[in-house]
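Peer 1: Here you go, one structure.
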Number of protein chains: 2
Amino acid sequence: MVKGSSFYTIEWLAEGISMLDQRILPEKEIYNLYDDYEGVADAIKTMVIRGAPAIGVAAAMGIAIAAEKANVGSFDELSDALKPAFELIASTRPTAVNLFWALDRMRNRLSELQDSGVNEAKAALVSEALAIRRDDVEINRAMGRYGAEFINDGDTVLTHCNAGALATAGYGTALGVIRAAVEAGKMIDVLADETRPFLQGARLTAWELHKDGIPVTLITDNMAGAMMAKGMVQKIVVGADRIAANGDVANKIGTYSVAVLAKRHGIPFFVAAPLSTIDRTLADGSGIPIEERSPDEVTHIGGYRIVPKGVPVKNPAFDVTPNELVSAIFTEKGVARADYRETIAGLFEN
Amino acid sequence: MVKGSSFYTIEWLAEGISMLDQRILPEKEIYNLYDDYEGVADAIKTMVIRGAPAIGVAAAMGIAIAAEKANVGSFDELSDALKPAFELIASTRPTAVNLFWALDRMRNRLSELQDSGVNEAKAALVSEALAIRRDDVEINRAMGRYGAEFINDGDTVLTHCNAGALATAGYGTALGVIRAAVEAGKMIDVLADETRPFLQGARLTAWELHKDGIPVTLITDNMAGAMMAKGMVQKIVVGADRIAANGDVANKIGTYSVAVLAKRHGIPFFVAAPLSTIDRTLADGSGIPIEERSPDEVTHIGGYRIVPKGVPVKNPAFDVTPNELVSAIFTEKGVARADYRETIAGLFEN
């Protein structure tokens, strides 16, 4: 559990990996226990856990538990036994690059352990997963400190989806910036888009900010423009699922619309994301794979059908916001601004 | 029932006023019967019936049924007896100007009947309400013919909310344009925004187009921008609840965001509305009253709570799209284009 928080997103316990089931918040606060990697993969796929950094932590823990449970006698057998785990977990969700980043980190750690005994290697992989989790909270706090300087006392900050404690190992990316601003003594109001279809804003952002006593008001996604037109929004901060080398940002569906509206109204549009969200192999956002999820997420809410049977629906989970609409990207190493190609490269050289 | 349609929005029957209950579509297709004006007022307020032109028809029928039921012996008594009906119905919904237009038309008709007997006056008011209903369908067909010329064979047309048969006495305003294009032999695909919080797009537009065999695909409101960015939208047509003399358009919340996105992507943004939706007493959109509806519409869907208790929500039912974002306004008398102040005035002079 993160200091000062009354809940956690994901924890490594003696019995297995515990995750707060984000599909049933805010109605119920239930923690699920996973004691094999197949369960972890399913939890990622079905969005028990979501949010790019949290997916990364879950992926790493999935590999760690696969290692711990592997009935093997040698390093080579362990390495072979982990292949299906790497494969299955990599197949769960295509857009958030933190998933692949975390798997790569676990794979690299594994390759360093060639000369270790099996038990030593297993322990080292568990350690690595825990380090990824621990690092994530520190990264969010550092990012929050950089971002908070861009938020003024008295601002109403609009956010989309949930880039909070629930999307990370704790503290949050976009909501981490808001938490840091509040910790710095600024009065901040948050306007949260409900974020259809999965309702991360209504169910998760509203829940965690309300729990922390940070004033939050909920709107439907299509109210954001009207709020901006009325002068009720001073800043926008969102998270990211993958950022290309040129600063194009893939994030939850609807982010692009918010960015276009922000541009029209001259409202700064900020993105908060760790370096692990930046995919430097992609020159721009056009190469980012966009996950299409099940129609059921759109056609049903809480088991209640809202779309007539037989009507097709679309459900792209993300969209891409071009860099020209992004005022700045907050990372744990500092702030990137246009020209992003240069400033992003610079952050990696630090 | 309108020719070629398998349902109706509102009908004057011997037993009373029958309305399709739009709150429970598409799950159930149930017609409610109202035999007093209080019931009609409640049906308008609670959105059993909605859509600016349909609200106008309901308001007129509400006055007609109040007249029919009035236990009076003279014209003056009838006139007095109708005052609370005019007052109550006028208080139901503030934004759609067709409500006030229809009440004015009924009031004017009443004033012409001063020298009539009571029964004659009652019958004349019922006639007037039926004429408003009949006129509405003709108006929509005329509007559809004007608008259809702006829609090309093969277009995908995005629409927001429901400006269809269900929002009118039949045929529809925005969907009337689409129906007219289809009747003219054009292949049209419709992309419907679900339109939170009341879900008129998901529940009503998808339902009536699917029923009519016009291809419709549903998206959440926040997907519209991504669809435009991918080149999947060629035209946008929406209805209106009130249009100021300068062409500023009040319509369902979210319309403004769609218009801003359309501008960015160079996609024509059309509004279809009868002249009764144009409020020439207002110089621009800033004077249009915007209804704030109950938080429950945002916090609950089908009885299922999606927002944590204690979190405040906003629920403005409409927003205002400035005239510079509107490519053309289709009316029953022709097409208004910038400069709207002139072209709108011209339509009223025809």
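Just so we're on the same page: first chain in the structure tokens is A, next is B, and so on; residues restart at 1 for each chain, and ligands are numbered from 1 in the order they show up.
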Range 102-346 of chain A: which residues are strand (DSSP E) by DSSP, as a PyMOL selection string?
Peer 2: chain A and resi 156-159+189-193+216-219+235-238+242-244+249-252+269-272+278-279+300-301+304-305+318-321+328-331+334-336
Peer 1: Please identify every residue of chain B that has at least one atom no more than 9 Å from any atom of chain A, counting only C-alpha atoms, and report them as a VMD selection string.
Peer 2: chain B and resid 25 to 27 194 to 197 199 201 to 204 206 to 207 210 215 to 226 253 to 258 260 to 261 264 298 to 299 301 to 316 318 to 320
Peer 1: What gap, in Å, lies between CA of Leu113 in chain A and CA of Glu128 in chain A?
Peer 2: 11.8 Å
Peer 1: Would you give me, as a list of chain:residue names, the residues in range 36-70 of chain B that DSSP reads as alpha helix (DSSP H)?
Peer 2: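 For range 36-70 of chain B, the alpha helix (DSSP H) set is B:Tyr37, B:Glu38, B:Gly39, B:Val40, B:Ala41, B:Asp42, B:Ala43, B:Ile44, B:Lys45, B:Ala52, B:Pro53, B:Ala54, B:Ile55, B:Gly56, B:Val57, B:Ala58, B:Ala59, B:Ala60, B:Met61, B:Gly62, B:Ile63, B:Ala64, B:Ile65, B:Ala66, B:Ala67, B:Glu68, B:Lys69.
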Peer 1: Find the spatial neighbours of Leu110 in chain B, counting only C-alpha atoms, within a cut-off of 8 Å - ignore same-chain residues fewer than 5 positions away - and output them as a VMD selection string.
Peer 2: chain B and resid 79 121 125
Peer 1: The selected residues should be written to file as a PDB file, in the first residue's frame (atoms: N, CA and C atoms).
Peer 2:
ATOM      1  N   SER B  79     -61.338  30.329 -21.589  1.00  0.00           N
ATOM      2  CA  SER B  79     -60.077  31.062 -21.648  1.00  0.00           C
ATOM      3  C   SER B  79     -59.406  31.069 -20.272  1.00  0.00           C
ATOM      4  N   ALA B 121     -65.288  26.385 -29.990  1.00  0.00           N
ATOM      5  CA  ALA B 121     -63.922  26.791 -29.620  1.00  0.00           C
ATOM      6  C   ALA B 121     -63.081  25.574 -29.244  1.00  0.00           C
ATOM      7  N   LEU B 125     -59.665  24.277 -31.187  1.00  0.00           N
ATOM      8  CA  LEU B 125     -58.339  24.113 -30.553  1.00  0.00           C
ATOM      9  C   LEU B 125     -57.781  22.708 -30.812  1.00  0.00           C
TER      10      LEU B 125
END
Peer 1: Give me the residues near Ala272 in chain A as a CSV table (one decimal) with C-alpha atoms, in the first residue's frame, where near means some atom within 8 Å (using only C-alpha atoms) and where sequence neighbours in that chain fewer than 2 positions away do not count.
Peer 2:
chain,number,residue,atom,x,y,z
A,143,MET,CA,6.7,13.5,-12.5
A,147,GLY,CA,4.1,18.9,-13.6
A,173,THR,CA,0.6,10.2,-13.6
A,174,ALA,CA,-1.9,12.9,-14.5
A,177,VAL,CA,0.5,16.0,-11.0
A,237,VAL,CA,-3.7,16.9,-17.8
A,238,VAL,CA,-4.1,13.3,-19.1
A,239,GLY,CA,-1.9,10.2,-19.1
A,240,ALA,CA,-0.7,8.2,-22.0
A,270,PHE,CA,-0.5,18.4,-20.8
A,274,PRO,CA,6.9,7.9,-17.5
A,329,ILE,CA,4.9,16.1,-21.6
A,330,PHE,CA,5.8,15.6,-18.0
A,331,THR,CA,8.2,12.7,-17.3
Peer 1: Between B:Asp212, B:Asp279, B:Glu138, B:Glu342, which one has atoms that come closest to Ala244 in chain B, using only C-alpha atoms?
Peer 2: B:Asp279
Peer 1: Might you pull out every residue within 10 Å of Thr92 in chain A, with only C-alpha atoms counted and same-chain residues fewer than 6 positions away left off, and present them as number ranges by chain?
Peer 2: A: 40-47, 55, 59, 99
Peer 1: Grab the residues selected above and save them as a PDB file, in the first residue's frame with all heavy atoms.
Peer 2:
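Everything below was put into out.pdb:
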ATOM      1  N   VAL A  40      -3.164 -13.764 -14.242  1.00  0.00           N
ATOM      2  CA  VAL A  40      -2.694 -12.382 -14.388  1.00  0.00           C
ATOM      3  C   VAL A  40      -2.986 -11.885 -15.805  1.00  0.00           C
ATOM      4  O   VAL A  40      -3.469 -10.758 -16.003  1.00  0.00           O
ATOM      5  CB  VAL A  40      -1.186 -12.282 -14.068  1.00  0.00           C
ATOM      6  CG1 VAL A  40      -0.650 -10.896 -14.408  1.00  0.00           C
ATOM      7  CG2 VAL A  40      -0.942 -12.607 -12.593  1.00  0.00           C
ATOM      8  N   ALA A  41      -2.699 -12.727 -16.809  1.00  0.00           N
ATOM      9  CA  ALA A  41      -2.964 -12.341 -18.203  1.00  0.00           C
ATOM     10  C   ALA A  41      -4.446 -12.030 -18.387  1.00  0.00           C
ATOM     11  O   ALA A  41      -4.824 -11.038 -19.020  1.00  0.00           O
ATOM     12  CB  ALA A  41      -2.527 -13.453 -19.152  1.00  0.00           C
ATOM     13  N   ASP A  42      -5.291 -12.862 -17.811  1.00  0.00           N
ATOM     14  CA  ASP A  42      -6.729 -12.646 -17.932  1.00  0.00           C
ATOM     15  C   ASP A  42      -7.154 -11.352 -17.235  1.00  0.00           C
ATOM     16  O   ASP A  42      -8.011 -10.617 -17.732  1.00  0.00           O
ATOM     17  CB  ASP A  42      -7.466 -13.855 -17.332  1.00  0.00           C
ATOM     18  CG  ASP A  42      -8.938 -13.822 -17.675  1.00  0.00           C
ATOM     19  OD1 ASP A  42      -9.247 -13.882 -18.884  1.00  0.00           O
ATOM     20  OD2 ASP A  42      -9.773 -13.700 -16.756  1.00  0.00           O
ATOM     21  N   ALA A  43      -6.548 -11.077 -16.092  1.00  0.00           N
ATOM     22  CA  ALA A  43      -6.876  -9.846 -15.353  1.00  0.00           C
ATOM     23  C   ALA A  43      -6.512  -8.607 -16.173  1.00  0.00           C
ATOM     24  O   ALA A  43      -7.233  -7.603 -16.158  1.00  0.00           O
ATOM     25  CB  ALA A  43      -6.146  -9.832 -14.014  1.00  0.00           C
ATOM     26  N   ILE A  44      -5.390  -8.679 -16.897  1.00  0.00           N
ATOM     27  CA  ILE A  44      -4.996  -7.541 -17.747  1.00  0.00           C
ATOM     28  C   ILE A  44      -5.971  -7.403 -18.911  1.00  0.00           C
ATOM     29  O   ILE A  44      -6.474  -6.325 -19.203  1.00  0.00           O
ATOM     30  CB  ILE A  44      -3.547  -7.720 -18.268  1.00  0.00           C
ATOM     31  CG1 ILE A  44      -2.548  -7.730 -17.106  1.00  0.00           C
ATOM     32  CG2 ILE A  44      -3.200  -6.622 -19.273  1.00  0.00           C
ATOM     33  CD1 ILE A  44      -1.121  -8.107 -17.512  1.00  0.00           C
ATOM     34  N   LYS A  45      -6.266  -8.533 -19.537  1.00  0.00           N
ATOM     35  CA  LYS A  45      -7.128  -8.525 -20.727  1.00  0.00           C
ATOM     36  C   LYS A  45      -8.538  -8.032 -20.405  1.00  0.00           C
ATOM     37  O   LYS A  45      -9.131  -7.277 -21.169  1.00  0.00           O
ATOM     38  CB  LYS A  45      -7.195  -9.951 -21.290  1.00  0.00           C
ATOM     39  CG  LYS A  45      -7.515 -10.049 -22.769  1.00  0.00           C
ATOM     40  CD  LYS A  45      -7.547 -11.522 -23.212  1.00  0.00           C
ATOM     41  CE  LYS A  45      -7.998 -11.636 -24.641  1.00  0.00           C
ATOM     42  NZ  LYS A  45      -6.914 -11.432 -25.611  1.00  0.00           N
ATOM     43  N   THR A  46      -9.069  -8.461 -19.291  1.00  0.00           N
ATOM     44  CA  THR A  46     -10.455  -8.113 -18.943  1.00  0.00           C
ATOM     45  C   THR A  46     -10.549  -6.818 -18.137  1.00  0.00           C
ATOM     46  O   THR A  46     -11.619  -6.438 -17.708  1.00  0.00           O
ATOM     47  CB  THR A  46     -11.120  -9.247 -18.139  1.00  0.00           C
ATOM     48  OG1 THR A  46     -10.373  -9.427 -16.923  1.00  0.00           O
ATOM     49  CG2 THR A  46     -11.138 -10.557 -18.917  1.00  0.00           C
ATOM     50  N   MET A  47      -9.394  -6.174 -17.914  1.00  0.00           N
ATOM     51  CA  MET A  47      -9.352  -4.865 -17.278  1.00  0.00           C
ATOM     52  C   MET A  47      -9.731  -4.877 -15.794  1.00  0.00           C
ATOM     53  O   MET A  47     -10.250  -3.891 -15.279  1.00  0.00           O
ATOM     54  CB  MET A  47     -10.146  -3.831 -18.083  1.00  0.00           C
ATOM     55  CG  MET A  47      -9.481  -3.574 -19.436  1.00  0.00           C
ATOM     56  SD  MET A  47     -10.403  -2.540 -20.622  1.00  0.00           S
ATOM     57  CE  MET A  47     -10.331  -0.925 -19.866  1.00  0.00           C
ATOM     58  N   ILE A  55      -0.408  -1.822 -15.877  1.00  0.00           N
ATOM     59  CA  ILE A  55      -0.316  -3.002 -16.734  1.00  0.00           C
ATOM     60  C   ILE A  55       1.129  -3.505 -16.774  1.00  0.00           C
ATOM     61  O   ILE A  55       1.386  -4.717 -16.733  1.00  0.00           O
ATOM     62  CB  ILE A  55      -0.835  -2.677 -18.167  1.00  0.00           C
ATOM     63  CG1 ILE A  55      -2.358  -2.472 -18.148  1.00  0.00           C
ATOM     64  CG2 ILE A  55      -0.448  -3.778 -19.152  1.00  0.00           C
ATOM     65  CD1 ILE A  55      -2.931  -1.957 -19.477  1.00  0.00           C
ATOM     66  N   ALA A  59       2.267  -7.157 -15.561  1.00  0.00           N
ATOM     67  CA  ALA A  59       2.971  -8.045 -16.490  1.00  0.00           C
ATOM     68  C   ALA A  59       4.235  -8.599 -15.842  1.00  0.00           C
ATOM     69  O   ALA A  59       4.515  -9.808 -15.904  1.00  0.00           O
ATOM     70  CB  ALA A  59       3.313  -7.292 -17.782  1.00  0.00           C
ATOM     71  N   LEU A  99       3.554  -2.430 -21.108  1.00  0.00           N
ATOM     72  CA  LEU A  99       3.452  -3.887 -21.031  1.00  0.00           C
ATOM     73  C   LEU A  99       4.711  -4.527 -21.622  1.00  0.00           C
ATOM     74  O   LEU A  99       5.343  -5.385 -20.985  1.00  0.00           O
ATOM     75  CB  LEU A  99       2.200  -4.342 -21.801  1.00  0.00           C
ATOM     76  CG  LEU A  99       1.986  -5.848 -22.000  1.00  0.00           C
ATOM     77  CD1 LEU A  99       1.570  -6.513 -20.703  1.00  0.00           C
ATOM     78  CD2 LEU A  99       0.903  -6.099 -23.057  1.00  0.00           C
TER      79      LEU A  99
END
Peer 1: I'd like the contact shell of Ile188 in chain B - 9 Å cut-off, only C-alpha atoms, skipping same-chain residues fewer than 5 positions apart - returned as a PDB file with N, CA and C atoms, in the first residue's frame.
Peer 2:
ATOM      1  N   ILE B 151     -26.061  15.999 -49.480  1.00  0.00           N
ATOM      2  CA  ILE B 151     -25.534  14.693 -49.081  1.00  0.00           C
ATOM      3  C   ILE B 151     -25.237  13.893 -50.352  1.00  0.00           C
ATOM      4  N   ASN B 152     -24.031  13.353 -50.447  1.00  0.00           N
ATOM      5  CA  ASN B 152     -23.645  12.608 -51.652  1.00  0.00           C
ATOM      6  C   ASN B 152     -23.837  11.106 -51.493  1.00  0.00           C
ATOM      7  N   ASP B 153     -24.075  10.459 -52.603  1.00  0.00           N
ATOM      8  CA  ASP B 153     -24.103   8.997 -52.654  1.00  0.00           C
ATOM      9  C   ASP B 153     -22.801   8.462 -52.053  1.00  0.00           C
ATOM     10  N   GLY B 154     -22.912   7.532 -51.137  1.00  0.00           N
ATOM     11  CA  GLY B 154     -21.714   6.939 -50.531  1.00  0.00           C
ATOM     12  C   GLY B 154     -21.228   7.628 -49.266  1.00  0.00           C
ATOM     13  N   ASP B 155     -21.854   8.732 -48.893  1.00  0.00           N
ATOM     14  CA  ASP B 155     -21.425   9.448 -47.688  1.00  0.00           C
ATOM     15  C   ASP B 155     -21.701   8.652 -46.415  1.00  0.00           C
ATOM     16  N   THR B 156     -20.795   8.779 -45.448  1.00  0.00           N
ATOM     17  CA  THR B 156     -21.133   8.431 -44.072  1.00  0.00           C
ATOM     18  C   THR B 156     -21.459   9.733 -43.352  1.00  0.00           C
ATOM     19  N   VAL B 157     -22.667   9.773 -42.792  1.00  0.00           N
ATOM     20  CA  VAL B 157     -23.153  10.988 -42.139  1.00  0.00           C
ATOM     21  C   VAL B 157     -23.182  10.756 -40.635  1.00  0.00           C
ATOM     22  N   ILE B 178     -31.510  12.587 -43.982  1.00  0.00           N
ATOM     23  CA  ILE B 178     -30.928  11.285 -44.345  1.00  0.00           C
ATOM     24  C   ILE B 178     -31.977  10.419 -45.051  1.00  0.00           C
ATOM     25  N   ALA B 181     -32.354  11.617 -48.562  1.00  0.00           N
ATOM     26  CA  ALA B 181     -31.210  11.221 -49.392  1.00  0.00           C
ATOM     27  C   ALA B 181     -31.346   9.755 -49.796  1.00  0.00           C
ATOM     28  N   VAL B 182     -31.763   8.917 -48.845  1.00  0.00           N
ATOM     29  CA  VAL B 182     -31.947   7.487 -49.135  1.00  0.00           C
ATOM     30  C   VAL B 182     -33.088   7.317 -50.150  1.00  0.00           C
ATOM     31  N   ILE B 214     -31.999   1.578 -42.595  1.00  0.00           N
ATOM     32  CA  ILE B 214     -30.907   2.483 -42.981  1.00  0.00           C
ATOM     33  C   ILE B 214     -29.678   2.112 -42.154  1.00  0.00           C
ATOM     34  N   PRO B 215     -28.531   1.796 -42.817  1.00  0.00           N
ATOM     35  CA  PRO B 215     -27.364   1.302 -42.080  1.00  0.00           C
ATOM     36  C   PRO B 215     -26.879   2.312 -41.043  1.00  0.00           C
TER      37      PRO B 215
END
Peer 1: Using only C-alpha atoms, which residues sit within 12 Å of Glu68 in chain B once same-chain residues fewer than 5 positions away are excluded, as a PyMOL selection string?
Peer 2: chain B and resi 14-17+35-37+61-63+78+81-82+118-127+129
Peer 1: Could you tell me how far CA of Thr168 in chain B sits from CA of Thr343 in chain B, in Å to one decimal place?
Peer 2: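 We find that CA of Thr343 in chain B and CA of Thr168 in chain B lie 24.5 Å from each other.
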Peer 1: Figure out the distance between CA of Asp248 in chain A and CA of Arg341 in chain A, please, to one decimal in Å.
Peer 2: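 A separation of 9.9 Å between them.
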Peer 1: Check the smallest atom-to-atom distance from each of B:Ser286, B:Asn350, B:Asn98, B:Asn71 to Asp136 in chain B using only C-alpha atoms, then report the winner.
Peer 2: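 The closest residue to Asp136 in chain B is B:Asn98.
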Peer 1: Can you work out which one of B:Asn246, B:Ser294, B:Asn251, B:Thr9 has the shortest atom-to-atom distance to Ala167 in chain B, counting only C-alpha atoms?
Peer 2: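 Of all the options, B:Thr9 lies closest to Ala167 in chain B.
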